>>> print(open('input.pdb').read())   # PDB, C-alpha atoms and all ligand atoms
ATOM      1  CA  MET A 526      46.042  25.715  41.366
ATOM      2  CA  VAL A 527      42.529  25.505  42.695
ATOM      3  CA  ASP A 528      40.019  26.761  40.112
ATOM      4  CA  LYS A 529      38.204  29.758  41.464
ATOM      5  CA  VAL A 530      34.526  29.206  42.231
ATOM      6  CA  LYS A 531      31.807  31.795  42.771
ATOM      7  CA  SER A 532      30.956  31.345  46.437
ATOM      8  CA  ILE A 533      32.291  29.992  49.701
ATOM      9  CA  TRP A 534      30.101  29.269  52.734
ATOM     10  CA  MET A 535      31.269  31.161  55.819
ATOM     11  CA  ASP A 536      29.343  31.007  59.079
ATOM     12  CA  GLY A 537      25.911  30.772  57.558
ATOM     13  CA  LYS A 538      26.403  32.951  54.476
ATOM     14  CA  LEU A 539      27.552  32.417  50.919
ATOM     15  CA  VAL A 540      30.416  34.835  50.400
ATOM     16  CA  PRO A 541      32.030  35.737  47.036
ATOM     17  CA  TRP A 542      35.397  34.040  46.516
ATOM     18  CA  GLU A 543      37.329  37.336  46.750
ATOM     19  CA  GLU A 544      35.761  38.185  50.105
ATOM     20  CA  ALA A 545      36.253  34.796  51.744
ATOM     21  CA  ASN A 546      39.184  35.963  53.878
ATOM     22  CA  VAL A 547      40.244  35.433  57.483
ATOM     23  CA  HIS A 548      42.118  37.759  59.835
ATOM     24  CA  VAL A 549      45.863  37.269  60.289
ATOM     25  CA  LEU A 550      45.275  36.850  64.043
ATOM     26  CA  THR A 551      43.115  33.773  63.425
ATOM     27  CA  HIS A 552      44.187  31.490  66.281
ATOM     28  CA  SER A 553      44.229  28.306  64.172
ATOM     29  CA  PHE A 554      46.618  29.943  61.711
ATOM     30  CA  HIS A 555      49.173  30.287  64.506
ATOM     31  CA  TYR A 556      48.665  27.074  66.481
ATOM     32  CA  GLY A 557      47.097  24.560  64.095
ATOM     33  CA  VAL A 558      43.962  23.566  65.979
ATOM     34  CA  ALA A 559      41.319  23.377  63.268
ATOM     35  CA  ALA A 560      39.142  20.433  62.290
ATOM     36  CA  PHE A 561      38.678  19.768  58.594
ATOM     37  CA  GLU A 562      37.316  17.227  56.157
ATOM     38  CA  GLY A 563      37.745  16.191  52.553
ATOM     39  CA  ILE A 564      34.600  14.900  50.855
ATOM     40  CA  ARG A 565      33.791  14.123  47.233
ATOM     41  CA  ALA A 566      30.618  14.613  45.240
ATOM     42  CA  TYR A 567      30.221  12.585  42.061
ATOM     43  CA  LYS A 568      27.828  12.557  39.157
ATOM     44  CA  ARG A 569      26.495   9.006  39.023
ATOM     45  CA  ALA A 570      25.176   6.955  36.100
ATOM     46  CA  ASP A 571      21.644   8.292  36.684
ATOM     47  CA  GLY A 572      22.925  11.792  35.816
ATOM     48  CA  LYS A 573      22.420  13.102  39.361
ATOM     49  CA  THR A 574      25.035  14.432  41.778
ATOM     50  CA  TYR A 575      25.521  12.716  45.134
ATOM     51  CA  ILE A 576      27.885  13.427  48.005
ATOM     52  CA  PHE A 577      29.606  10.236  49.166
ATOM     53  CA  ARG A 578      29.241   9.375  52.878
ATOM     54  CA  LEU A 579      28.500  12.965  53.833
ATOM     55  CA  THR A 580      27.097  12.142  57.275
ATOM     56  CA  ASP A 581      30.136  10.012  58.154
ATOM     57  CA  HIS A 582      32.494  12.804  57.147
ATOM     58  CA  ILE A 583      30.626  15.463  59.128
ATOM     59  CA  GLN A 584      30.489  13.123  62.118
ATOM     60  CA  ARG A 585      34.293  12.747  61.903
ATOM     61  CA  LEU A 586      34.592  16.549  61.668
ATOM     62  CA  LEU A 587      32.604  16.878  64.893
ATOM     63  CA  ASP A 588      34.604  14.038  66.475
ATOM     64  CA  THR A 589      37.795  15.969  65.677
ATOM     65  CA  CYS A 590      36.296  19.009  67.464
ATOM     66  CA  HIS A 591      35.448  16.778  70.430
ATOM     67  CA  LEU A 592      38.994  15.380  70.581
ATOM     68  CA  ALA A 593      40.487  18.880  70.311
ATOM     69  CA  LEU A 594      38.057  20.451  72.848
ATOM     70  CA  MET A 595      36.546  22.835  70.292
ATOM     71  CA  LYS A 596      32.851  23.638  70.552
ATOM     72  CA  PRO A 597      31.333  23.811  67.068
ATOM     73  CA  THR A 598      28.642  26.430  66.535
ATOM     74  CA  TYR A 599      26.795  24.472  63.825
ATOM     75  CA  ASP A 600      25.368  20.983  64.216
ATOM     76  CA  ARG A 601      25.776  18.073  61.825
ATOM     77  CA  GLU A 602      22.605  18.773  59.857
ATOM     78  CA  ALA A 603      23.523  22.449  59.355
ATOM     79  CA  ILE A 604      27.008  21.610  58.077
ATOM     80  CA  GLU A 605      25.567  18.941  55.780
ATOM     81  CA  ARG A 606      23.137  21.512  54.382
ATOM     82  CA  ALA A 607      26.037  23.943  53.866
ATOM     83  CA  CYS A 608      27.887  21.298  51.822
ATOM     84  CA  ILE A 609      24.881  20.811  49.567
ATOM     85  CA  GLU A 610      24.333  24.571  49.326
ATOM     86  CA  VAL A 611      27.896  25.352  48.304
ATOM     87  CA  LEU A 612      27.858  22.757  45.499
ATOM     88  CA  ALA A 613      24.515  24.006  44.244
ATOM     89  CA  ALA A 614      25.523  27.684  44.446
ATOM     90  CA  ASN A 615      28.597  26.972  42.332
ATOM     91  CA  HIS A 616      26.646  24.783  39.849
ATOM     92  CA  MET A 617      29.059  21.912  40.457
ATOM     93  CA  GLU A 618      28.059  18.444  39.307
ATOM     94  CA  GLU A 619      31.247  16.960  40.784
ATOM     95  CA  GLY A 620      33.709  18.352  43.254
ATOM     96  CA  TYR A 621      35.705  18.140  46.430
ATOM     97  CA  LEU A 622      34.278  19.674  49.603
ATOM     98  CA  ARG A 623      36.405  21.090  52.393
ATOM     99  CA  PRO A 624      34.493  21.945  55.575
ATOM    100  CA  ILE A 625      36.750  23.513  58.191
ATOM    101  CA  ILE A 626      36.040  24.500  61.800
ATOM    102  CA  TYR A 627      38.642  26.821  63.242
ATOM    103  CA  MET A 628      39.421  29.210  66.090
ATOM    104  CA  GLY A 629      39.046  32.837  65.088
ATOM    105  CA  GLU A 630      40.797  35.956  66.333
ATOM    106  CA  GLY A 631      40.556  37.269  69.872
ATOM    107  CA  ALA A 632      43.119  36.323  72.469
ATOM    108  CA  MET A 633      46.566  35.236  71.354
ATOM    109  CA  GLY A 634      48.673  32.666  73.205
ATOM    110  CA  ILE A 635      48.221  28.917  73.375
ATOM    111  CA  TYR A 636      45.197  28.944  75.700
ATOM    112  CA  ALA A 637      42.405  30.986  74.131
ATOM    113  CA  PRO A 638      39.228  29.089  75.004
ATOM    114  CA  ASP A 639      36.923  32.054  74.409
ATOM    115  CA  ASN A 640      37.959  32.837  70.847
ATOM    116  CA  PRO A 641      35.060  32.433  68.423
ATOM    117  CA  VAL A 642      34.759  29.065  66.697
ATOM    118  CA  LYS A 643      34.166  29.606  62.979
ATOM    119  CA  THR A 644      33.004  27.336  60.180
ATOM    120  CA  SER A 645      33.550  27.424  56.425
ATOM    121  CA  VAL A 646      32.770  25.084  53.557
ATOM    122  CA  ILE A 647      34.728  25.389  50.327
ATOM    123  CA  ALA A 648      34.219  23.406  47.106
ATOM    124  CA  TRP A 649      36.561  22.979  44.202
ATOM    125  CA  LYS A 650      37.118  20.693  41.258
ATOM    126  CA  TRP A 651      39.657  17.968  41.912
ATOM    127  CA  GLY A 652      40.676  15.270  39.471
ATOM    128  CA  ARG A 653      42.876  12.279  40.245
ATOM    129  CA  TYR A 654      44.851  13.231  43.376
ATOM    130  CA  LEU A 655      47.901  11.075  42.580
ATOM    131  CA  GLY A 656      47.899  11.686  38.832
ATOM    132  CA  ALA A 657      45.777  10.550  35.887
ATOM    133  CA  SER A 658      47.682   7.315  35.237
ATOM    134  CA  ALA A 659      47.966   6.313  38.924
ATOM    135  CA  ILE A 660      44.567   4.624  39.110
ATOM    136  CA  GLU A 661      45.503   2.069  36.440
ATOM    137  CA  GLU A 662      49.271   1.872  36.603
ATOM    138  CA  GLY A 663      49.922   2.413  40.300
ATOM    139  CA  ILE A 664      52.481   4.609  42.019
ATOM    140  CA  ARG A 665      56.007   4.437  43.407
ATOM    141  CA  THR A 666      56.315   4.897  47.155
ATOM    142  CA  LYS A 667      59.047   5.197  49.770
ATOM    143  CA  VAL A 668      58.936   4.556  53.503
ATOM    144  CA  SER A 669      59.496   7.944  55.084
ATOM    145  CA  SER A 670      62.256   8.955  57.464
ATOM    146  CA  PHE A 671      59.494  10.832  59.317
ATOM    147  CA  ALA A 672      57.521   8.615  61.718
ATOM    148  CA  ARG A 673      53.781   8.926  62.138
ATOM    149  CA  MET A 674      52.918  10.592  65.466
ATOM    150  CA  HIS A 675      52.840   8.441  68.605
ATOM    151  CA  VAL A 676      49.313   8.207  70.030
ATOM    152  CA  ASN A 677      50.400  10.136  73.138
ATOM    153  CA  ILE A 678      51.976  12.945  71.150
ATOM    154  CA  ASN A 679      48.954  14.083  69.192
ATOM    155  CA  LEU A 680      45.543  12.928  68.018
ATOM    156  CA  PRO A 681      45.902  10.426  65.175
ATOM    157  CA  LYS A 682      42.125   9.941  65.022
ATOM    158  CA  ALA A 683      41.590  13.683  64.489
ATOM    159  CA  LYS A 684      41.696  15.312  61.095
ATOM    160  CA  MET A 685      43.298  18.432  62.528
ATOM    161  CA  THR A 686      45.259  20.923  60.432
ATOM    162  CA  GLY A 687      48.401  21.288  62.588
ATOM    163  CA  GLN A 688      49.081  17.559  62.468
ATOM    164  CA  TYR A 689      49.535  17.755  58.723
ATOM    165  CA  THR A 690      53.042  19.221  59.025
ATOM    166  CA  ASN A 691      53.996  15.542  59.506
ATOM    167  CA  SER A 692      52.334  14.653  56.195
ATOM    168  CA  VAL A 693      53.750  17.674  54.364
ATOM    169  CA  LEU A 694      57.311  16.869  55.456
ATOM    170  CA  ALA A 695      56.985  13.197  54.491
ATOM    171  CA  LYS A 696      55.374  14.045  51.145
ATOM    172  CA  ARG A 697      58.065  16.606  50.283
ATOM    173  CA  GLU A 698      60.803  14.132  51.134
ATOM    174  CA  ALA A 699      59.197  11.450  48.929
ATOM    175  CA  LYS A 700      58.585  13.777  45.978
ATOM    176  CA  LEU A 701      62.070  15.282  46.142
ATOM    177  CA  GLY A 702      63.474  11.751  46.177
ATOM    178  CA  GLY A 703      61.612  10.984  42.928
ATOM    179  CA  TYR A 704      58.720   8.983  44.433
ATOM    180  CA  ASP A 705      54.984   9.662  44.200
ATOM    181  CA  GLU A 706      54.014   9.175  47.825
ATOM    182  CA  ALA A 707      55.409   8.381  51.281
ATOM    183  CA  ILE A 708      54.446   5.569  53.640
ATOM    184  CA  LEU A 709      54.766   6.393  57.331
ATOM    185  CA  LEU A 710      55.640   3.861  60.032
ATOM    186  CA  ASP A 711      55.080   4.538  63.718
ATOM    187  CA  VAL A 712      58.010   4.882  66.125
ATOM    188  CA  GLN A 713      57.920   1.089  66.769
ATOM    189  CA  GLY A 714      58.136   0.300  63.057
ATOM    190  CA  ASN A 715      54.510  -0.665  62.417
ATOM    191  CA  VAL A 716      53.146   0.410  59.049
ATOM    192  CA  CYS A 717      50.591   3.206  59.480
ATOM    193  CA  GLU A 718      49.486   5.013  56.334
ATOM    194  CA  GLY A 719      50.335   7.421  53.542
ATOM    195  CA  THR A 720      50.414  11.199  53.952
ATOM    196  CA  GLY A 721      46.679  11.408  53.206
ATOM    197  CA  GLU A 722      45.699   7.801  52.574
ATOM    198  CA  ASN A 723      45.174   4.524  54.424
ATOM    199  CA  ILE A 724      47.091   1.510  53.200
ATOM    200  CA  PHE A 725      46.080  -2.051  52.317
ATOM    201  CA  VAL A 726      48.257  -5.107  51.712
ATOM    202  CA  ILE A 727      47.104  -8.276  49.948
ATOM    203  CA  LYS A 728      48.954 -11.507  50.633
ATOM    204  CA  GLY A 729      47.709 -14.976  49.712
ATOM    205  CA  GLY A 730      44.238 -13.637  48.915
ATOM    206  CA  VAL A 731      43.814 -11.962  52.333
ATOM    207  CA  LEU A 732      43.310  -8.207  52.611
ATOM    208  CA  HIS A 733      45.309  -6.666  55.478
ATOM    209  CA  THR A 734      45.239  -3.123  56.836
ATOM    210  CA  PRO A 735      46.598  -1.576  60.058
ATOM    211  CA  ASP A 736      44.031  -1.844  62.857
ATOM    212  CA  LEU A 737      42.492   1.304  64.310
ATOM    213  CA  ALA A 738      44.646   1.200  67.468
ATOM    214  CA  CYS A 739      47.561   2.076  65.152
ATOM    215  CA  SER A 740      48.387   5.720  64.523
ATOM    216  CA  VAL A 741      46.054   6.014  61.528
ATOM    217  CA  LEU A 742      43.104   8.154  60.619
ATOM    218  CA  ALA A 743      39.895   6.097  60.625
ATOM    219  CA  GLY A 744      39.489   6.572  56.889
ATOM    220  CA  ILE A 745      36.006   6.507  55.468
ATOM    221  CA  THR A 746      37.313   5.008  52.226
ATOM    222  CA  ARG A 747      39.151   2.416  54.346
ATOM    223  CA  ASP A 748      35.839   1.503  55.951
ATOM    224  CA  THR A 749      34.119   1.407  52.549
ATOM    225  CA  ILE A 750      36.744  -0.993  51.165
ATOM    226  CA  LEU A 751      36.570  -3.247  54.231
ATOM    227  CA  ARG A 752      32.796  -3.469  53.872
ATOM    228  CA  ILE A 753      32.908  -4.121  50.121
ATOM    229  CA  ALA A 754      35.594  -6.782  50.587
ATOM    230  CA  ARG A 755      33.542  -8.584  53.235
ATOM    231  CA  GLU A 756      30.455  -8.433  50.997
ATOM    232  CA  ASP A 757      32.471  -9.929  48.157
ATOM    233  CA  GLY A 758      33.832 -12.759  50.307
ATOM    234  CA  ILE A 759      37.436 -11.495  50.455
ATOM    235  CA  PRO A 760      39.003 -12.402  53.839
ATOM    236  CA  VAL A 761      39.991  -9.306  55.791
ATOM    237  CA  SER A 762      42.502  -8.798  58.604
ATOM    238  CA  GLU A 763      42.953  -5.595  60.618
ATOM    239  CA  CYS A 764      46.377  -6.113  62.144
ATOM    240  CA  ARG A 765      49.959  -4.883  62.611
ATOM    241  CA  LEU A 766      52.204  -4.857  59.552
ATOM    242  CA  THR A 767      55.920  -4.301  59.109
ATOM    243  CA  ARG A 768      57.848  -2.771  56.238
ATOM    244  CA  GLU A 769      58.973  -6.236  55.073
ATOM    245  CA  GLN A 770      55.355  -7.330  54.761
ATOM    246  CA  LEU A 771      54.878  -4.450  52.335
ATOM    247  CA  TRP A 772      57.894  -5.552  50.311
ATOM    248  CA  LEU A 773      56.665  -9.171  50.186
ATOM    249  CA  ALA A 774      53.039  -8.318  49.403
ATOM    250  CA  ASP A 775      51.210  -9.588  46.310
ATOM    251  CA  GLU A 776      49.391  -6.244  46.028
ATOM    252  CA  VAL A 777      49.389  -2.933  47.901
ATOM    253  CA  PHE A 778      46.985  -0.036  47.499
ATOM    254  CA  PHE A 779      46.077   3.270  49.098
ATOM    255  CA  THR A 780      42.588   4.493  49.918
ATOM    256  CA  GLY A 781      41.334   8.001  50.575
ATOM    257  CA  THR A 782      38.658  10.432  49.525
ATOM    258  CA  ALA A 783      41.204  12.324  47.419
ATOM    259  CA  ALA A 784      43.295   9.289  46.358
ATOM    260  CA  GLU A 785      40.202   7.050  45.916
ATOM    261  CA  VAL A 786      41.661   3.528  45.383
ATOM    262  CA  THR A 787      45.214   3.868  44.058
ATOM    263  CA  PRO A 788      47.455   0.846  43.454
ATOM    264  CA  VAL A 789      51.038   0.923  44.746
ATOM    265  CA  ARG A 790      53.444  -0.723  42.322
ATOM    266  CA  GLU A 791      56.685  -0.133  44.176
ATOM    267  CA  VAL A 792      57.766   0.273  47.813
ATOM    268  CA  ASP A 793      61.370   1.281  48.534
ATOM    269  CA  ASP A 794      62.492   0.312  45.011
ATOM    270  CA  ARG A 795      61.053  -3.181  45.401
ATOM    271  CA  THR A 796      58.417  -4.184  42.858
ATOM    272  CA  ILE A 797      55.109  -5.234  44.377
ATOM    273  CA  GLY A 798      53.624  -8.341  42.727
ATOM    274  CA  LYS A 799      53.863  -7.964  38.965
ATOM    275  CA  GLY A 800      54.495  -4.238  39.262
ATOM    276  CA  GLY A 801      51.090  -2.853  38.349
ATOM    277  CA  ARG A 802      47.487  -3.042  39.501
ATOM    278  CA  GLY A 803      46.814  -6.490  40.942
ATOM    279  CA  PRO A 804      43.575  -8.441  40.354
ATOM    280  CA  ILE A 805      42.041  -7.962  43.831
ATOM    281  CA  THR A 806      42.898  -4.246  43.800
ATOM    282  CA  LYS A 807      41.302  -3.973  40.360
ATOM    283  CA  ALA A 808      38.106  -5.687  41.505
ATOM    284  CA  LEU A 809      37.780  -3.589  44.685
ATOM    285  CA  GLN A 810      38.569  -0.407  42.768
ATOM    286  CA  ALA A 811      35.889  -1.210  40.183
ATOM    287  CA  ARG A 812      33.350  -1.822  42.938
ATOM    288  CA  TYR A 813      34.315   1.452  44.628
ATOM    289  CA  PHE A 814      33.963   3.537  41.464
ATOM    290  CA  ASP A 815      30.676   1.843  40.629
ATOM    291  CA  ILE A 816      29.321   2.825  44.050
ATOM    292  CA  VAL A 817      30.541   6.445  44.060
ATOM    293  CA  SER A 818      30.074   7.321  40.402
ATOM    294  CA  GLY A 819      28.387   4.403  38.635
ATOM    295  CA  SER A 820      25.209   2.430  39.076
ATOM    296  CA  ASP A 821      25.844   0.108  42.038
ATOM    297  CA  ASN A 822      22.861   0.919  44.249
ATOM    298  CA  ARG A 823      23.571  -1.508  47.084
ATOM    299  CA  HIS A 824      24.473   1.300  49.501
ATOM    300  CA  PRO A 825      21.915   4.084  49.194
ATOM    301  CA  GLU A 826      22.724   5.073  52.806
ATOM    302  CA  TRP A 827      26.137   6.318  51.601
ATOM    303  CA  LEU A 828      24.716   8.713  49.010
ATOM    304  CA  THR A 829      23.285  12.184  49.647
ATOM    305  CA  LEU A 830      21.484  13.654  46.681
ATOM    306  CA  VAL A 831      22.488  17.197  45.719
ATOM    307  CA  SER A 832      20.478  17.606  42.511
TER     308      SER A 832
HETATM  309  C1  LIG B   1      46.285  11.099  57.160
HETATM  310  C2  LIG B   1      45.126  10.552  56.408
HETATM  311  N1  LIG B   1      44.921   9.230  56.398
HETATM  312  C3  LIG B   1      43.910   8.672  55.722
HETATM  313  C4  LIG B   1      43.023   9.447  54.988
HETATM  314  C5  LIG B   1      41.887   8.791  54.256
HETATM  315  O1  LIG B   1      40.668   9.114  54.861
HETATM  316  P1  LIG B   1      39.319   9.138  54.051
HETATM  317  O2  LIG B   1      39.208   7.848  53.348
HETATM  318  O3  LIG B   1      38.271   9.329  55.079
HETATM  319  O4  LIG B   1      39.402  10.289  53.089
HETATM  320  C6  LIG B   1      43.193  10.831  54.969
HETATM  321  C7  LIG B   1      42.264  11.687  54.245
HETATM  322  O5  LIG B   1      41.401  12.289  54.836
HETATM  323  C8  LIG B   1      44.257  11.402  55.697
HETATM  324  O6  LIG B   1      44.458  12.716  55.695
END
>>> encode(input="input.pdb", output="structure tokens", more="lines below")
Ligand SMILES: Cc1ncc(COP(=O)(O)O)c(C=O)c1O
Amino acid sequence: MVDKVKSIWMDGKLVPWEEANVHVLTHSFHYGVAAFEGIRAYKRADGKTYIFRLTDHIQRLLDTCHLALMKPTYDREAIERACIEVLAANHMEEGYLRPIIYMGEGAMGIYAPDNPVKTSVIAWKWGRYLGASAIEEGIRTKVSSFARMHVNINLPKAKMTGQYTNSVLAKREAKLGGYDEAILLDVQGNVCEGTGENIFVIKGGVLHTPDLACSVLAGITRDTILRIAREDGIPVSECRLTREQLWLADEVFFTGTAAEVTPVREVDDRTIGKGGRGPITKALQARYFDIVSGSDNRHPEWLTLVS
């Protein structure tokens, strides 16, 4: 359950939680064209709260609108201000932010280009997405029977609500089968990503991840890890990977704003490496947490001060 907060930002106003409702004829509710983001704010070692890579997330939100032919009514700066405002209004030192741009009520039917485009920003507290122990011990995963969408079927680079039926189905299948998370391949068998995470494979000291021409979201945590790895002299390869390369990996981990950096200890009942968090994963994870919530100040451009 999401803990109730005091206010939600809706089209320029802070609205009490109970009144933050949408009409049942909201177009996006019926047809799934809404752009959204997931962003985290952390309290860092200096005692202040910062939003991590806010501008990059809002740019991706606007890119999703561009891909989906939705015209946002607020610009990047205004949505960034709304994110800061909603955290401050709810006195949150840490939290998860969910901006969403959606098509409101008006015409029904698939083609409703004149319906109003609406914007909301919600904040809530969110702990470890894949469970408290996952960060240290790793999780058990299963390759899904659901394939990740082909690039001509939908918009893999968009974070668009309707596309998440694919993730929900894969996640349900994995959980009901006794696993923590699903890994989706594309229809050709290339490894893509988790249901809400990008995936990394370490083999022989080299860090591999599916390249951006694969059906993956261009994860901001993925980009962060690639940059940190390069800074730390870890060789990086953006490439195509098969299921067997997962099974034969020394280490596997997921990245995502919600999942942060989560080790994968098992894929399809095969133990990965020694079956826990591997040494390179541990080092990259430590670097990541030190940047978002510690005292590593090498990337001030990634941090937006809230208070
Ligand atoms: C399908 C999918 N892949 C990957 C990610 C990771 O992206 P990010 O690191 O920007 O949160 C997410 C989360 O937004 C996602 O939903």
>>> residues_near_ligand(input="input.pdb", ligand="ligand LIG 1 (chain B)", cutoff="10 Å", atoms="all atoms listed in the file", output="ChimeraX atom specification")
/A:561-565,578,581-582,585,673,681-686,688-689,691-692,709,717-724,740-750,779-786
>>> write_last_selection(input="input.pdb", atoms="C-alpha atoms", output="mmCIF file, keeping the file's coordinate frame")
data_model
loop_
_atom_site.group_PDB
_atom_site.id
_atom_site.type_symbol
_atom_site.label_atom_id
_atom_site.label_comp_id
_atom_site.auth_asym_id
_atom_site.auth_seq_id
_atom_site.Cartn_x
_atom_site.Cartn_y
_atom_site.Cartn_z
ATOM 1 C CA PHE A 561 38.678 19.768 58.594
ATOM 2 C CA GLU A 562 37.316 17.227 56.157
ATOM 3 C CA GLY A 563 37.745 16.191 52.553
ATOM 4 C CA ILE A 564 34.600 14.900 50.855
ATOM 5 C CA ARG A 565 33.791 14.123 47.233
ATOM 6 C CA ARG A 578 29.241 9.375 52.878
ATOM 7 C CA ASP A 581 30.136 10.012 58.154
ATOM 8 C CA HIS A 582 32.494 12.804 57.147
ATOM 9 C CA ARG A 585 34.293 12.747 61.903
ATOM 10 C CA ARG A 673 53.781 8.926 62.138
ATOM 11 C CA PRO A 681 45.902 10.426 65.175
ATOM 12 C CA LYS A 682 42.125 9.941 65.022
ATOM 13 C CA ALA A 683 41.590 13.683 64.489
ATOM 14 C CA LYS A 684 41.696 15.312 61.095
ATOM 15 C CA MET A 685 43.298 18.432 62.528
ATOM 16 C CA THR A 686 45.259 20.923 60.432
ATOM 17 C CA GLN A 688 49.081 17.559 62.468
ATOM 18 C CA TYR A 689 49.535 17.755 58.723
ATOM 19 C CA ASN A 691 53.996 15.542 59.506
ATOM 20 C CA SER A 692 52.334 14.653 56.195
ATOM 21 C CA LEU A 709 54.766 6.393 57.331
ATOM 22 C CA CYS A 717 50.591 3.206 59.480
ATOM 23 C CA GLU A 718 49.486 5.013 56.334
ATOM 24 C CA GLY A 719 50.335 7.421 53.542
ATOM 25 C CA THR A 720 50.414 11.199 53.952
ATOM 26 C CA GLY A 721 46.679 11.408 53.206
ATOM 27 C CA GLU A 722 45.699 7.801 52.574
ATOM 28 C CA ASN A 723 45.174 4.524 54.424
ATOM 29 C CA ILE A 724 47.091 1.510 53.200
ATOM 30 C CA SER A 740 48.387 5.720 64.523
ATOM 31 C CA VAL A 741 46.054 6.014 61.528
ATOM 32 C CA LEU A 742 43.104 8.154 60.619
ATOM 33 C CA ALA A 743 39.895 6.097 60.625
ATOM 34 C CA GLY A 744 39.489 6.572 56.889
ATOM 35 C CA ILE A 745 36.006 6.507 55.468
ATOM 36 C CA THR A 746 37.313 5.008 52.226
ATOM 37 C CA ARG A 747 39.151 2.416 54.346
ATOM 38 C CA ASP A 748 35.839 1.503 55.951
ATOM 39 C CA THR A 749 34.119 1.407 52.549
ATOM 40 C CA ILE A 750 36.744 -0.993 51.165
ATOM 41 C CA PHE A 779 46.077 3.270 49.098
ATOM 42 C CA THR A 780 42.588 4.493 49.918
ATOM 43 C CA GLY A 781 41.334 8.001 50.575
ATOM 44 C CA THR A 782 38.658 10.432 49.525
ATOM 45 C CA ALA A 783 41.204 12.324 47.419
ATOM 46 C CA ALA A 784 43.295 9.289 46.358
ATOM 47 C CA GLU A 785 40.202 7.050 45.916
ATOM 48 C CA VAL A 786 41.661 3.528 45.383
#
>>> residues_near_point(input="input.pdb", point="(51.2, 3.4, 44.2)", cutoff="12 Å", atoms="all atoms listed in the file", output="VMD selection string")
chain A and resid 654 to 656 658 to 667 704 to 708 719 722 to 726 771 776 to 780 784 to 797 800 to 803 806
>>> atom_distance(input="input.pdb", atom1="CA of Leu594 (chain A)", atom2="CA of Arg606 (chain A)")
23.8 Å
>>> closest_residue(input="input.pdb", among="A:Val831, A:Met617, A:Ala672, A:Ile805", to="Lys650 (chain A)", atoms="only C-alpha atoms")
A:Met617
>>> closest_residue(input="input.pdb", among="A:Val558, A:Ile647, A:Ile533, A:Ile626", to="Ile583 (chain A)", atoms="all atoms listed in the file")
A:Ile626
>>> resolve_selection(input="input.pdb", expression="the PyMOL selection byres (((chain A and resi 551) around 12) and not hetatm)", output="list in words")
Asn546, Val547, His548, Val549, Leu550, His552, Ser553, Phe554, His555, Tyr556, Gly557, Val558, Ala559, Ile626, Tyr627, Met628, Gly629, Glu630, Gly631, Ala632, Met633, Gly634, Ala637, Asn640, Pro641, Val642 and Lys643 of chain A
>>> closest_residue(input="input.pdb", among="A:Pro804, A:Pro735, A:Pro638, A:Pro825", to="Ile576 (chain A)", atoms="all atoms listed in the file")
A:Pro825
>>> residues_around(input="input.pdb", residues="Asp536 (chain A)", least_positions_apart="4", cutoff="9 Å", atoms="all atoms listed in the file", output="ChimeraX atom specification")
/A:598-599,643-646
>>> resolve_selection(input="input.pdb", expression="the PyMOL selection byres (((chain A and resi 811-815) around 9) and not hetatm)", output="ChimeraX atom specification")
/A:569-570,746,749-750,753,785-786,806-810,816-822
>>> resolve_selection(input="input.pdb", expression="the PyMOL selection byres (((chain A and resi 601) around 9) and not hetatm)", output="list in words")
Thr580, Ile583, Gln584, Leu586, Leu587, Tyr599, Asp600, Glu602, Ala603, Ile604, Glu605 and Arg606 of chain A
>>> closest_residue(input="input.pdb", among="A:Lys568, A:Glu769, A:Glu763, A:Cys608", to="Val668 (chain A)", atoms="only C-alpha atoms")
A:Glu769
>>> atom_distance(input="input.pdb", atom1="CA of Leu830 (chain A)", atom2="CA of Leu612 (chain A)")
11.2 Å
>>> atom_distance(input="input.pdb", atom1="CA of Ala774 (chain A)", atom2="CA of Ser762 (chain A)")
14.0 Å
>>> closest_residue(input="input.pdb", among="A:Gly572, A:Pro760, A:Gly714, A:Gly703", to="Gly730 (chain A)", atoms="all atoms listed in the file")
A:Pro760
>>> residues_near_point(input="input.pdb", point="(53.3, -10.4, 48.3)", cutoff="6 Å", atoms="only C-alpha atoms", output="PyMOL selection string")
chain A and resi 728+773-775+798
>>> axis_aligned_box(input="input.pdb", around="region 526-543 of chain A", padding_each_side="8 Å", output="JSON")
{"center_x": 36.0, "center_y": 31.4, "center_z": 49.6, "size_x": 36.1, "size_y": 27.8, "size_z": 35.0}
>>> build_atoms(input="input.pdb", residues="region 763-769 of chain A", atoms="N, CA and C atoms", output="PDB file, in the frame of the given file")
ATOM      1  N   GLU A 763      42.472  -6.877  60.104  1.00  0.00           N
ATOM      2  CA  GLU A 763      42.953  -5.595  60.618  1.00  0.00           C
ATOM      3  C   GLU A 763      44.022  -5.945  61.645  1.00  0.00           C
ATOM      4  N   CYS A 764      45.252  -5.550  61.396  1.00  0.00           N
ATOM      5  CA  CYS A 764      46.377  -6.113  62.144  1.00  0.00           C
ATOM      6  C   CYS A 764      47.558  -5.143  62.184  1.00  0.00           C
ATOM      7  N   ARG A 765      48.697  -5.632  62.661  1.00  0.00           N
ATOM      8  CA  ARG A 765      49.959  -4.883  62.611  1.00  0.00           C
ATOM      9  C   ARG A 765      50.759  -5.395  61.415  1.00  0.00           C
ATOM     10  N   LEU A 766      51.403  -4.492  60.732  1.00  0.00           N
ATOM     11  CA  LEU A 766      52.204  -4.857  59.552  1.00  0.00           C
ATOM     12  C   LEU A 766      53.570  -4.199  59.647  1.00  0.00           C
ATOM     13  N   THR A 767      54.576  -4.894  59.141  1.00  0.00           N
ATOM     14  CA  THR A 767      55.920  -4.301  59.109  1.00  0.00           C
ATOM     15  C   THR A 767      56.283  -3.937  57.667  1.00  0.00           C
ATOM     16  N   ARG A 768      57.365  -3.186  57.556  1.00  0.00           N
ATOM     17  CA  ARG A 768      57.848  -2.771  56.238  1.00  0.00           C
ATOM     18  C   ARG A 768      58.115  -3.981  55.322  1.00  0.00           C
ATOM     19  N   GLU A 769      58.675  -5.056  55.903  1.00  0.00           N
ATOM     20  CA  GLU A 769      58.973  -6.236  55.073  1.00  0.00           C
ATOM     21  C   GLU A 769      57.703  -6.862  54.508  1.00  0.00           C
TER      22      GLU A 769
END
